[in-house]
Structures are given as structure tokens and as C-alpha cells.
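Have a look at the structure below before the remarks.
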Amino acid sequence: MTDSALILTVSRMEAQQLADLVAQFSELLEPHAVPDATSSGDATADPALARLAPNPYPDDDEAAAEFHEATRRDLLERRQNDALRVLADLAPSFASGDPNDPDPAADTIDLVIEGDAGWAWMRTLTAIRLVIATRLGISGEDDDHDPQDDRFAVYDWIGFRLDGIVRALETAD
Amino acid sequence: MTLATPDVDREIRDQTTPEHPSLWQTVVWNDPVNLMSYVVHVFRSYFGFSAARATALMMDVHERGHAVVAQGPREQMELHAQAMHDYGLWATVRRIPK
């Protein structure tokens, strides 16, 4: 499965929007995914970041603190690396005048997602949905989507793309 | 797939018999965000479960609120929980309930 390449055909506009979203996600992680992260604020203060690094010991504060101390920064750093990998995969699609662009005039582009990058994409899209869900206060399966709030549309769109990637990889498996 | 669920439970109960009082579990909890297809894919890829078993566990998470995905030494269960967190799943570690 990890040897296969996945081709994701998207419009240039969608690729640009995806890249904007992933870049925002990366900025959110930035202060917490560096070696001296402990001095730059508590990641748990932001509920979205707390959801990205959940507490495995809800009934044992001491064990939870130990676990987070030992693992949280590395986890957020891995998320950051995933996000950067996705951005790298997206980069060719909107670099205007890129000499490697096979067809600069085309409206759509084939994104090539190779090997382990498939997981970087799935984890990143999942994490972005978790962040949006936390911001929107989505807490149940049947929460009404406010059609006026664009973030619900983004949330559904990212879910659609994630599901497509999962199904493509399951088929290739 | 719902027919498969009782078998999975039976299997887990069999492993929890008191000969292993010091064992721990990794538990995955339901959340409204993660896609069913994605959760099944994670269970298959990471734990190497069959499609049927991965689907049954996902349905347990979805319908009962949680599922035990692994049992064993605490350190190992923490590694599994960490991996589940990487995938964006909500996992906890606990002693096997008496």
C-alpha cells in the first residue's frame, strides 16, 4: 500500500484553498512544535490543540502530566512535519510560471501523493477537521450545520477529500 | 458487520480473565468528527486487523461509545495510545477493569 502513488485531481482554486488551510494549521502548531515549546505557552490552553494531543489518563492527573510531558511536543512536531509534507505536495499546483508545470493553463491539476505521504495527508486532513470541529463546538453526530457559517462547508469538504483518499488507498491495498 | 460484534467481545473477555491482573488496555472512544472509513483504515493499517475485525471494532466505538483495541503491558498500551493520537483518534490507557 505504501508503495503506491495516489493521484488526486483538484481544481487549482481548490488546491490553493487547501494550501491556505494547511498553512493556517501549521501556524497554529508552530509555537508548540519546537524544542523549547514549554516556554512558549501551554498547548492545553487551546481546546483545539488539547484535542490534537488528548489525555490518555482522564482519571489520573499525575500520569496524564507525565505522559504529556514526555510525548506532546514530539506529537505536535510530527503533525507539523505532516503538514509541511502536504504543503510540499500542493506547491506545484499554484506556483505560477513553474517550469515543471506540465500544463499551466489547465483549470485542474493532478496532485501526486506518494508512499507515506498518504498518511501525512490523512492525518493532516483529520487534524484540521478536529480543529474546525473544536472551534465550531461540534460535539454530537447530529449537530445542525449552520448554512451561514462557511466553516461547516470547509469541514464537510475536507471530510469528503479525506474519505476519497481513504477509499483510494483501501482499494489499492 | 453487526453480527461480528459479539465475537469480538467474547474474544476480548477471554483475554481479560484474571490470570493477567497486571494487564492494561488501550481504549478508543467515539467522537463525532472522525470518519468511519478512516477509523477502519487506521485499525487495519496500524494493528493489522482484518477488514471484518477492524469494522466490528469501529462499529463498537461508534455505537457503544468505545472499544478496547489492545491489551498488554502498560508501556506498550501507551505506545498504542500515542499512535492513535497521531491518527487523530481519541484513545486512553487503563487497567483492565475487574
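Residue numbering restarts at 1 for every chain of the C-alpha cells, chains are lettered A, B, ... in their displayed order, and ligands are numbered from 1 as they appear.
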
### Nearby residues (only C-alpha atoms) at most 12 Å from Gly118 (chain A), same-chain spacing under 5 positions excluded, as a ChimeraX atom specification
/A:1-8,82-83,85-86,89,111-113,123-125,162,164-170,172 /B:41

With N, CA and C atoms retained, export the selected residues as a PDB file, in the first residue's frame.
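part-v2.pdb written:
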ATOM      1  N   MET A   1       0.823  -1.192   0.000  1.00  0.00           N
ATOM      2  CA  MET A   1       0.000   0.000   0.000  1.00  0.00           C
ATOM      3  C   MET A   1       0.864   1.252   0.000  1.00  0.00           C
ATOM      4  N   THR A   2       1.915   1.251   0.833  1.00  0.00           N
ATOM      5  CA  THR A   2       2.725   2.463   0.945  1.00  0.00           C
ATOM      6  C   THR A   2       3.563   2.701  -0.309  1.00  0.00           C
ATOM      7  N   ASP A   3       3.651   1.690  -1.187  1.00  0.00           N
ATOM      8  CA  ASP A   3       4.435   1.875  -2.404  1.00  0.00           C
ATOM      9  C   ASP A   3       3.630   2.516  -3.520  1.00  0.00           C
ATOM     10  N   SER A   4       2.323   2.562  -3.342  1.00  0.00           N
ATOM     11  CA  SER A   4       1.501   3.068  -4.426  1.00  0.00           C
ATOM     12  C   SER A   4       1.431   4.596  -4.383  1.00  0.00           C
ATOM     13  N   ALA A   5       1.204   5.162  -5.547  1.00  0.00           N
ATOM     14  CA  ALA A   5       1.003   6.607  -5.610  1.00  0.00           C
ATOM     15  C   ALA A   5      -0.472   6.874  -5.856  1.00  0.00           C
ATOM     16  N   LEU A   6      -0.945   7.912  -5.213  1.00  0.00           N
ATOM     17  CA  LEU A   6      -2.344   8.285  -5.358  1.00  0.00           C
ATOM     18  C   LEU A   6      -2.401   9.594  -6.141  1.00  0.00           C
ATOM     19  N   ILE A   7      -3.282   9.630  -7.123  1.00  0.00           N
ATOM     20  CA  ILE A   7      -3.445  10.866  -7.889  1.00  0.00           C
ATOM     21  C   ILE A   7      -4.746  11.537  -7.439  1.00  0.00           C
ATOM     22  N   LEU A   8      -4.627  12.743  -6.969  1.00  0.00           N
ATOM     23  CA  LEU A   8      -5.801  13.491  -6.540  1.00  0.00           C
ATOM     24  C   LEU A   8      -6.000  14.657  -7.517  1.00  0.00           C
ATOM     25  N   ASP A  82       3.967  16.476   9.031  1.00  0.00           N
ATOM     26  CA  ASP A  82       2.897  16.025   8.120  1.00  0.00           C
ATOM     27  C   ASP A  82       2.369  17.209   7.304  1.00  0.00           C
ATOM     28  N   ALA A  83       2.090  18.309   8.003  1.00  0.00           N
ATOM     29  CA  ALA A  83       1.513  19.485   7.335  1.00  0.00           C
ATOM     30  C   ALA A  83       2.473  20.026   6.274  1.00  0.00           C
ATOM     31  N   ARG A  85       4.694  18.334   4.658  1.00  0.00           N
ATOM     32  CA  ARG A  85       4.714  17.389   3.539  1.00  0.00           C
ATOM     33  C   ARG A  85       3.525  17.635   2.604  1.00  0.00           C
ATOM     34  N   VAL A  86       2.362  17.877   3.204  1.00  0.00           N
ATOM     35  CA  VAL A  86       1.170  18.147   2.394  1.00  0.00           C
ATOM     36  C   VAL A  86       1.359  19.441   1.596  1.00  0.00           C
ATOM     37  N   ASP A  89       3.465  18.795  -1.342  1.00  0.00           N
ATOM     38  CA  ASP A  89       2.728  18.121  -2.420  1.00  0.00           C
ATOM     39  C   ASP A  89       1.826  19.101  -3.172  1.00  0.00           C
ATOM     40  N   LEU A 111      -2.614  16.074  -8.356  1.00  0.00           N
ATOM     41  CA  LEU A 111      -1.652  16.039  -7.259  1.00  0.00           C
ATOM     42  C   LEU A 111      -1.184  14.600  -7.084  1.00  0.00           C
ATOM     43  N   VAL A 112       0.120  14.413  -6.994  1.00  0.00           N
ATOM     44  CA  VAL A 112       0.671  13.071  -6.833  1.00  0.00           C
ATOM     45  C   VAL A 112       1.056  12.887  -5.366  1.00  0.00           C
ATOM     46  N   ILE A 113       0.385  11.929  -4.723  1.00  0.00           N
ATOM     47  CA  ILE A 113       0.648  11.668  -3.302  1.00  0.00           C
ATOM     48  C   ILE A 113       1.294  10.292  -3.215  1.00  0.00           C
ATOM     49  N   ARG A 123      -3.661  12.175   8.059  1.00  0.00           N
ATOM     50  CA  ARG A 123      -3.544  12.696   9.429  1.00  0.00           C
ATOM     51  C   ARG A 123      -3.779  14.203   9.466  1.00  0.00           C
ATOM     52  N   THR A 124      -3.272  14.906   8.452  1.00  0.00           N
ATOM     53  CA  THR A 124      -3.417  16.365   8.439  1.00  0.00           C
ATOM     54  C   THR A 124      -4.866  16.773   8.200  1.00  0.00           C
ATOM     55  N   LEU A 125      -5.517  16.137   7.236  1.00  0.00           N
ATOM     56  CA  LEU A 125      -6.926  16.483   6.985  1.00  0.00           C
ATOM     57  C   LEU A 125      -7.772  16.151   8.210  1.00  0.00           C
ATOM     58  N   LEU A 162     -10.898  13.628   2.500  1.00  0.00           N
ATOM     59  CA  LEU A 162     -10.280  12.592   3.335  1.00  0.00           C
ATOM     60  C   LEU A 162     -10.874  11.225   3.000  1.00  0.00           C
ATOM     61  N   GLY A 164     -12.247  10.274   0.297  1.00  0.00           N
ATOM     62  CA  GLY A 164     -11.785   9.860  -1.032  1.00  0.00           C
ATOM     63  C   GLY A 164     -10.399   9.248  -0.986  1.00  0.00           C
ATOM     64  N   ILE A 165      -9.511   9.850  -0.206  1.00  0.00           N
ATOM     65  CA  ILE A 165      -8.145   9.330  -0.096  1.00  0.00           C
ATOM     66  C   ILE A 165      -8.157   7.972   0.601  1.00  0.00           C
ATOM     67  N   VAL A 166      -8.933   7.867   1.692  1.00  0.00           N
ATOM     68  CA  VAL A 166      -9.007   6.585   2.418  1.00  0.00           C
ATOM     69  C   VAL A 166      -9.489   5.480   1.481  1.00  0.00           C
ATOM     70  N   ARG A 167     -10.559   5.776   0.730  1.00  0.00           N
ATOM     71  CA  ARG A 167     -11.122   4.744  -0.152  1.00  0.00           C
ATOM     72  C   ARG A 167     -10.156   4.365  -1.265  1.00  0.00           C
ATOM     73  N   ALA A 168      -9.454   5.346  -1.795  1.00  0.00           N
ATOM     74  CA  ALA A 168      -8.481   5.054  -2.844  1.00  0.00           C
ATOM     75  C   ALA A 168      -7.365   4.155  -2.311  1.00  0.00           C
ATOM     76  N   LEU A 169      -6.915   4.429  -1.091  1.00  0.00           N
ATOM     77  CA  LEU A 169      -5.831   3.625  -0.520  1.00  0.00           C
ATOM     78  C   LEU A 169      -6.320   2.241  -0.125  1.00  0.00           C
ATOM     79  N   GLU A 170      -7.568   2.140   0.354  1.00  0.00           N
ATOM     80  CA  GLU A 170      -8.134   0.824   0.691  1.00  0.00           C
ATOM     81  C   GLU A 170      -8.210  -0.045  -0.560  1.00  0.00           C
ATOM     82  N   ALA A 172      -6.365   0.244  -3.243  1.00  0.00           N
ATOM     83  CA  ALA A 172      -5.019  -0.083  -3.709  1.00  0.00           C
ATOM     84  C   ALA A 172      -4.363  -1.131  -2.815  1.00  0.00           C
TER      85      ALA A 172
ATOM     86  N   HIS B  41      -9.643   2.153   8.426  1.00  0.00           N
ATOM     87  CA  HIS B  41      -8.348   2.149   7.738  1.00  0.00           C
ATOM     88  C   HIS B  41      -7.192   2.191   8.743  1.00  0.00           C
TER      89      HIS B  41
END

Quick one: which chain B residues come within 8 Å of chain A, and what is the nearest atom pair for each with the distance in Å to one decimal, counting only C-alpha atoms, rows ordered by chain and ascending number, as a tab-separated table?
residue	atom	partner	partner_atom	distance
B:Asp31	CA	A:Ser139	CA	7.6
B:Pro32	CA	A:Glu141	CA	5.0
B:Val33	CA	A:Leu130	CA	6.5
B:Asn34	CA	A:Thr126	CA	7.0
B:Leu35	CA	A:Asp163	CA	7.3
B:Ser37	CA	A:Asp163	CA	6.7
B:Tyr38	CA	A:Val166	CA	6.1
B:His41	CA	A:Val166	CA	7.0
B:Glu78	CA	A:Pro56	CA	8.0
B:Ala81	CA	A:Pro56	CA	7.0
B:Gln82	CA	A:Thr71	CA	7.9
B:His85	CA	A:Ala53	CA	6.3
B:Asp86	CA	A:Leu75	CA	6.6
B:Tyr87	CA	A:Arg123	CA	5.4
B:Gly88	CA	A:Ala127	CA	6.0
B:Trp90	CA	A:Pro54	CA	6.4
B:Ala91	CA	A:Pro56	CA	6.0
B:Thr92	CA	A:Pro56	CA	3.8
B:Val93	CA	A:Pro56	CA	5.5
B:Arg94	CA	A:Tyr57	CA	7.3

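Atom pair CA of Thr171 (chain A) / CA of Leu21 (chain A) has a distance of 27.5 Å (rounded to one decimal).
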
### Query
Which residues in region 43-143 of chain A does DSSP call alpha helix (DSSP H)? List them as a PyMOL selection string.
chain A and resi 47-52+61-90+117-136

### Query
Can you tell me how far CA of Val22 (chain A) sits from CA of Met58 (chain B), in Å to one decimal?
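Those two atoms sit 27.5 Å apart.
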
## Note on the structure
The distance between CA of Asp46 (chain A) and CA of Val27 (chain B) is 24.1 Å

#### Entry: All residues 9 Å or closer to region 10-19 of chain A, only C-alpha atoms, same chain fewer than 6 positions away omitted, as a ChimeraX atom specification
/A:86-87,90-91,93-94,106-111,158

### Message
With only C-alpha atoms as the counted atoms, please give the residues lying no more than 12 Å from Arg95 (chain B), apart from itself and same-chain residues fewer than 5 positions off, as a PyMOL selection string.
### Response
(chain A and resi 56-57+59-60) or (chain B and resi 16+20-27+68+70-75+77-78)

Restricting the output to C-alpha atoms, write the selected residues as a PDB file, in the first residue's frame.
ATOM      1  CA  PRO A  56      -4.799   9.187  27.845  1.00  0.00           C
ATOM      2  CA  TYR A  57      -5.354   9.178  31.636  1.00  0.00           C
ATOM      3  CA  ASP A  59      -8.727   9.759  35.858  1.00  0.00           C
ATOM      4  CA  ASP A  60      -5.076  10.151  36.798  1.00  0.00           C
TER       5      ASP A  60
ATOM      6  CA  THR B  16      -9.351 -10.434  30.355  1.00  0.00           C
ATOM      7  CA  HIS B  20      -3.356 -11.383  33.829  1.00  0.00           C
ATOM      8  CA  PRO B  21      -4.248  -8.969  36.624  1.00  0.00           C
ATOM      9  CA  SER B  22      -1.482  -6.511  35.745  1.00  0.00           C
ATOM     10  CA  LEU B  23      -2.501  -6.013  32.136  1.00  0.00           C
ATOM     11  CA  TRP B  24      -3.577  -2.726  30.696  1.00  0.00           C
ATOM     12  CA  GLN B  25      -5.811  -1.729  27.816  1.00  0.00           C
ATOM     13  CA  THR B  26      -5.821   0.839  25.051  1.00  0.00           C
ATOM     14  CA  VAL B  27      -9.361   2.125  24.584  1.00  0.00           C
ATOM     15  CA  VAL B  68     -10.754  -1.994  23.576  1.00  0.00           C
ATOM     16  CA  ALA B  70      -5.284  -3.705  22.548  1.00  0.00           C
ATOM     17  CA  GLN B  71      -4.255  -5.298  25.848  1.00  0.00           C
ATOM     18  CA  GLY B  72      -0.838  -5.845  27.384  1.00  0.00           C
ATOM     19  CA  PRO B  73       1.923  -4.134  29.332  1.00  0.00           C
ATOM     20  CA  ARG B  74       1.333  -0.505  30.223  1.00  0.00           C
ATOM     21  CA  GLU B  75       4.269   0.864  28.178  1.00  0.00           C
ATOM     22  CA  MET B  77      -0.517   0.375  25.619  1.00  0.00           C
ATOM     23  CA  GLU B  78       0.855   3.913  25.928  1.00  0.00           C
TER      24      GLU B  78
END

### Task
Please provide the set of residues having any atom within 8 Å of Ala54 (chain B), restricted to only C-alpha atoms, with same-chain residues fewer than 2 positions apart removed, written as a list in words.
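Contacts, in chain order: Val40, His41, Phe43, Arg44, Phe49, Ser50, Ala51, Ala52, Ala56, Leu57 and Met58 of chain B.
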